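Working notes, beginning with the structure itself.
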Amino acid sequence: MNWIVQYLWLIPVLPLVAAGIIAVNKQPQRKLAATLAIGAMAAGSLLSLCAFYATLGHGEGVYREVYSFNWLQFGGTDNWLQLGWVLDPLTAIMLVMVTFVGMLIFIFSVGYMAHDPNFMRFFCFLALFASGMLGVVIANNLFLFFVSWEIVGLTSYLLIGFWYHKPSAAAAAKKAFITTRIGDLGLLLGMVWLYAQTGTLNFYDHGHGCMETTALTAMAAHVTIGGLAVSTMVGLLIFLGAVGKSGQVPLHVWLPDAMEGPTPVSALIHAATMVAAGVFLVARVYPLMSQSPLFGAGLYLDSTPMLQVITWVGAITAIFAASIAVAQNDIKRILAYSTVSQLGYMMMGIGVGGVAVGMFHLITHAFFKALLFLGSGSVIHGCHEEQDVRKMGGLKKYMPVTFAVYAIGMLALSGFPLFFSGFWSKDEILHHASNWSVSHVPFYLGCTGALFTAFYMTRQVALVFFGSYRGQDEASSHGHTDHAHAHSAHDHTPHESPAVMTVPLMILAVFAILLGVIGTPAWPWFDSYLTGEAAKFDLGKLTEHGTLSLMVTSAIIVFTGLGLGWLLYGNRLRKTAGEKDVLEAAQPAVFKLLQNKYYIDELYELTVIRLNAFAARLCDFLDRWIFGGVVLAVSYLFLGLAWLYRLMDEYLVNLGFDAGCDSLRESGSGLSKLHSGRVQTYLRVIGVALVLLIIFLIWGHKA
Amino acid sequence: MSPLQGCLLFSALLFATGFAGAVTRRHAILVLVGIELMLNAANLNLIAFWRFGPHPEALTGFIFVLFSMALAAAEAAVGLALVIAIYRHKRTSNLDEVKELKG
């Protein structure tokens, strides 16, 4: 066993220790907090690179080593619940991504949160989050996975509600927590069912794990309600957890609201890592998802019932969220819907093309979306906490560095051909979608989504960076006097962010471009890394199987989106902040529908939440009048009894006792009078007694 | 009246005087004096019963009284010492005021 496998636990434990140390420290030690958190991530990155190196260079078969230990005994003597971790390419690549992106975002946060009084708390939560996320990544056990997954959920809640004095942030935190909880319930049920079926929760355990052939065959052979195989049902429940966490339709509603948290949080948790954890989960249990009852064990197919569900959910999410993003005005909300949409692409990628396709997009997306979020953080920071794109504009002039890296991120997200990573990863997904044996609809949905993506990103960049700055009139009319920002003393023109914020941006930008190289059709290194084959460089692959035509198609789509966006927004730059949107002027009804996110929130308000409120009221009624009444009656009964006892105590026991005590005391005081201490009195008594005695004796003698 | 009766009568008078003194006086030394009187009344009885008893030649009563007087002397010394100690401590020799062992 490689040494790194044994020490893999260090990677999540380091940030955990950092979080603990920060938590017990007193408020003002900012430097220590930042150093600890970033140091833990840096050390984690190094270890992750070691782990990554260990997984390289295994030409045949997938490199996979597991380390498990007994944790909890229950039932019989052999019934151990094990915990453990696994090192395989999937883990390694995620570890590198999470630690590296996490470290950059931590560094960025130092600048972004510099003026926040709760700096320490922020880094404590961030480090805790990193620990949970890395735990998710290395877990070789659905139970350990679930625990880490819930830590991640908790820190997400804490960080969305970081500015909890804002009611919207508090509400968003609750919404995120509760919505993901619905998915997590599915995951928990799936986990329990899985354990009941296979008797193990280890993913891989030298042939005994639940993701290995024996267990999968047994599950696939078992038919349950609705004529579905157990493997399908368990997969569906586990997928529900992924739907909640990764913001897939219909549980996507929490993710845009989660943007109430500080921007580094949005970048780290709600763009790069945590929301991708759902996709990672699906990738981790892919053998289960691709298990078909019809074709026997070990035969992975791209069209099992589960994979169809995943593909459809992903495709619908991709187009759905992308269309909403078109009509949003909050810079972070646009990115949030874009994230939802991209997560849909990842799901679809896993559904149609397998783990490598989805994971490739996950990794590239993590980099360029973290870049975009941090860029938007830089913009917000520079514009004095303004988030409305209508009130920005012309920032190209004020923030050149931010503009440059943002443009790179935007082009990568839009899938600008050849030079940007997003193009290759998205193309891979679309390529597999076009070859999908079940239906071509997801492919068309994906293409439309890509068009929307290019369009809304152009719109955003045009509104934010081009034209003239529109925040000035707004700022001067409101006069921001209560603004606690350090720069409020200056004039209100935007300013470039400090180096501690721009350098991580530049590093991310470099990766946003370069990462595409590892997964081009000509050199599918990423794919072969995950599947354990040797990568071959072959330019000819570019032209095979319609790859080239697809690349051209997707390039045309991207250019159409970019051109359309530029035509509508870049050419006709808005002059004032209050001006109507171009689309709104042309199609008010459609725009309103999109701006209100298809009224999904309102729909939930009317159905789920109303039902919930009704149930709550019912429970309240039951509690108050029925159970409460019973409790009240019992309590009154006991009150009466207690009253009776008190009477008995007071009048019988207490009084009798008191009387006994009094009589004792009186007799004592009477006796004590005899002992006056006067010796002569005693003598007198003795004398009188003597005389009496003599008289008695004499008298008695005579008688 | 035989000499013995006279002696006993005198001894009874002496005892009564001593007892009355011991009971009524408040001064500690006078109480001691009363006690000595009573003791001597008893001694007188012893002497009288020996002198007018069946064996006056045996000197038993005489020896007894001699011992008794020696004891009385010692007792008086202890008694006086106590009185002085009490006086030093309480600044009084009035027995009515000396009624507690404590202090």
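Chain labels run A, B, ... following the order of the structure tokens; each chain numbers its residues from 1, and ligands are numbered from 1 in the order shown.
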
Checklist entry - What's the 9 Å shell around stretch 679-682 of chain A, counting only C-alpha atoms, without same-chain residues fewer than 5 positions away, as an MDAnalysis selection string? => result (chainID A and resid 687) or (chainID B and resid 22:26 31 95:96 98:99)

Proximity check chain A to chain B, 7 Å, nearest pairs one decimal Å, only C-alpha atoms, as a tab-separated table:
```
residue	atom	partner	partner_atom	distance
A:Ser676	CA	B:Lys99	CA	6.9
A:Gly677	CA	B:Lys99	CA	4.1
A:Arg678	CA	B:Lys99	CA	5.1
A:Gln680	CA	B:Val23	CA	5.3
A:Leu683	CA	B:Val23	CA	6.6
A:Arg684	CA	B:Val23	CA	6.1
```

Written selection (N, CA and C atoms) as a PDB file, in the first residue's frame:
```
ATOM      1  N   SER A 676     -28.626  25.321  88.649  1.00  0.00           N
ATOM      2  CA  SER A 676     -28.383  26.761  88.643  1.00  0.00           C
ATOM      3  C   SER A 676     -26.903  27.067  88.734  1.00  0.00           C
ATOM      4  N   GLY A 677     -26.110  26.095  89.209  1.00  0.00           N
ATOM      5  CA  GLY A 677     -24.688  26.356  89.387  1.00  0.00           C
ATOM      6  C   GLY A 677     -24.362  26.895  90.779  1.00  0.00           C
ATOM      7  N   ARG A 678     -25.386  27.128  91.570  1.00  0.00           N
ATOM      8  CA  ARG A 678     -25.110  27.645  92.930  1.00  0.00           C
ATOM      9  C   ARG A 678     -24.836  26.471  93.874  1.00  0.00           C
ATOM     10  N   GLN A 680     -24.261  26.343  96.958  1.00  0.00           N
ATOM     11  CA  GLN A 680     -24.951  26.355  98.254  1.00  0.00           C
ATOM     12  C   GLN A 680     -26.354  25.821  98.147  1.00  0.00           C
ATOM     13  N   LEU A 683     -26.062  22.225  98.293  1.00  0.00           N
ATOM     14  CA  LEU A 683     -25.760  21.841  99.674  1.00  0.00           C
ATOM     15  C   LEU A 683     -27.013  21.854 100.535  1.00  0.00           C
ATOM     16  N   ARG A 684     -27.807  22.890 100.271  1.00  0.00           N
ATOM     17  CA  ARG A 684     -29.047  23.019 101.026  1.00  0.00           C
ATOM     18  C   ARG A 684     -29.933  21.817 100.758  1.00  0.00           C
TER      19      ARG A 684
END
```

Item to check | Spatial neighbours of A:Asn2, max dist 9 Å, only C-alpha atoms, sep filter under 2 positions, as a list in words | outcome: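 So the residues in contact are Ile4, Val5, Gln6, Ala54 and Glu65 of chain A.
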
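Pairwise distance (atom CA of A:Gly354, atom CA of A:Leu413) equals 21.4 Å.
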
Checklist entry - Can you tell me, as a ChimeraX atom specification, what residues are no more than 9 Å from stretch 247-249 of chain A when counting only C-alpha atoms, ignoring any on the same chain fewer than 4 positions away? => result /A:180,242-243,253-255,275,278,313-314,316-318,320-321,339-341,343-344,347

Checklist entry - Using only C-alpha atoms, which residue out of B:Arg51, B:Ala73, B:Ala28, B:Ile35 lies closest to B:Thr92? => result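 Of all the options, B:Ala28 lies closest to B:Thr92.
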
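The helix (DSSP H, G or I) portion of stretch 36-84 of chain A consists of Leu36, Ala37, Ile38, Gly39, Ala40, Met41, Ala42, Ala43, Gly44, Ser45, Leu46, Leu47, Ser48, Leu49, Cys50, Ala51, Phe52, Tyr53, Ala54 and Thr55 of chain A, with states taken from DSSP on the backbone.
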
Include C-alpha atoms and write out the residues we just selected as a PDB file, in the first residue's frame.
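Done, and the output landed in again21.pdb:
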```
ATOM      1  CA  LEU A  36      -3.817  28.605   9.735  1.00  0.00           C
ATOM      2  CA  ALA A  37      -6.627  28.161   7.247  1.00  0.00           C
ATOM      3  CA  ILE A  38      -4.499  28.878   4.197  1.00  0.00           C
ATOM      4  CA  GLY A  39      -1.631  26.821   5.600  1.00  0.00           C
ATOM      5  CA  ALA A  40      -3.924  23.849   6.130  1.00  0.00           C
ATOM      6  CA  MET A  41      -5.121  24.141   2.555  1.00  0.00           C
ATOM      7  CA  ALA A  42      -1.594  24.523   1.217  1.00  0.00           C
ATOM      8  CA  ALA A  43      -0.458  21.433   3.096  1.00  0.00           C
ATOM      9  CA  GLY A  44      -3.563  19.676   1.838  1.00  0.00           C
ATOM     10  CA  SER A  45      -2.672  20.686  -1.715  1.00  0.00           C
ATOM     11  CA  LEU A  46       0.793  19.207  -1.378  1.00  0.00           C
ATOM     12  CA  LEU A  47      -0.576  15.954   0.022  1.00  0.00           C
ATOM     13  CA  SER A  48      -3.203  15.915  -2.708  1.00  0.00           C
ATOM     14  CA  LEU A  49      -0.516  16.314  -5.329  1.00  0.00           C
ATOM     15  CA  CYS A  50       1.329  13.370  -3.767  1.00  0.00           C
ATOM     16  CA  ALA A  51      -1.891  11.371  -3.894  1.00  0.00           C
ATOM     17  CA  PHE A  52      -2.439  12.466  -7.468  1.00  0.00           C
ATOM     18  CA  TYR A  53       1.091  11.425  -8.372  1.00  0.00           C
ATOM     19  CA  ALA A  54       0.497   8.024  -6.814  1.00  0.00           C
ATOM     20  CA  THR A  55      -2.481   7.439  -9.100  1.00  0.00           C
TER      21      THR A  55
END
```

Next on the checklist: Can you pull out the residues contacting B:Asn45? Cut-off 8 Å, using only C-alpha atoms, and skip same-chain residues under 3 positions away; I want them as a list in words.
Outcome noted: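 These residues fall inside the cut-off: Cys7, Leu8, Ser11, Ala41, Ala42, Ala48 and Phe49 of chain B.
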
Export C-alpha atoms of the chosen residues as a PDB file, in the first residue's frame?
```
ATOM      1  CA  CYS B   7     -20.439  15.268 123.765  1.00  0.00           C
ATOM      2  CA  LEU B   8     -22.936  14.164 121.100  1.00  0.00           C
ATOM      3  CA  SER B  11     -21.160  17.819 118.379  1.00  0.00           C
ATOM      4  CA  ALA B  41     -18.121  18.028 114.691  1.00  0.00           C
ATOM      5  CA  ALA B  42     -17.665  14.678 113.050  1.00  0.00           C
ATOM      6  CA  ALA B  48     -16.463  10.648 121.914  1.00  0.00           C
ATOM      7  CA  PHE B  49     -17.431   7.173 120.707  1.00  0.00           C
TER       8      PHE B  49
END
```

Item to check | Residue among A:Leu8, A:Leu144, A:Val401, A:Leu514 lying closest to A:Ile363, counting only C-alpha atoms | outcome: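 Ranking A:Leu8, A:Leu144, A:Val401, A:Leu514 by distance to A:Ile363, first place goes to A:Leu514.
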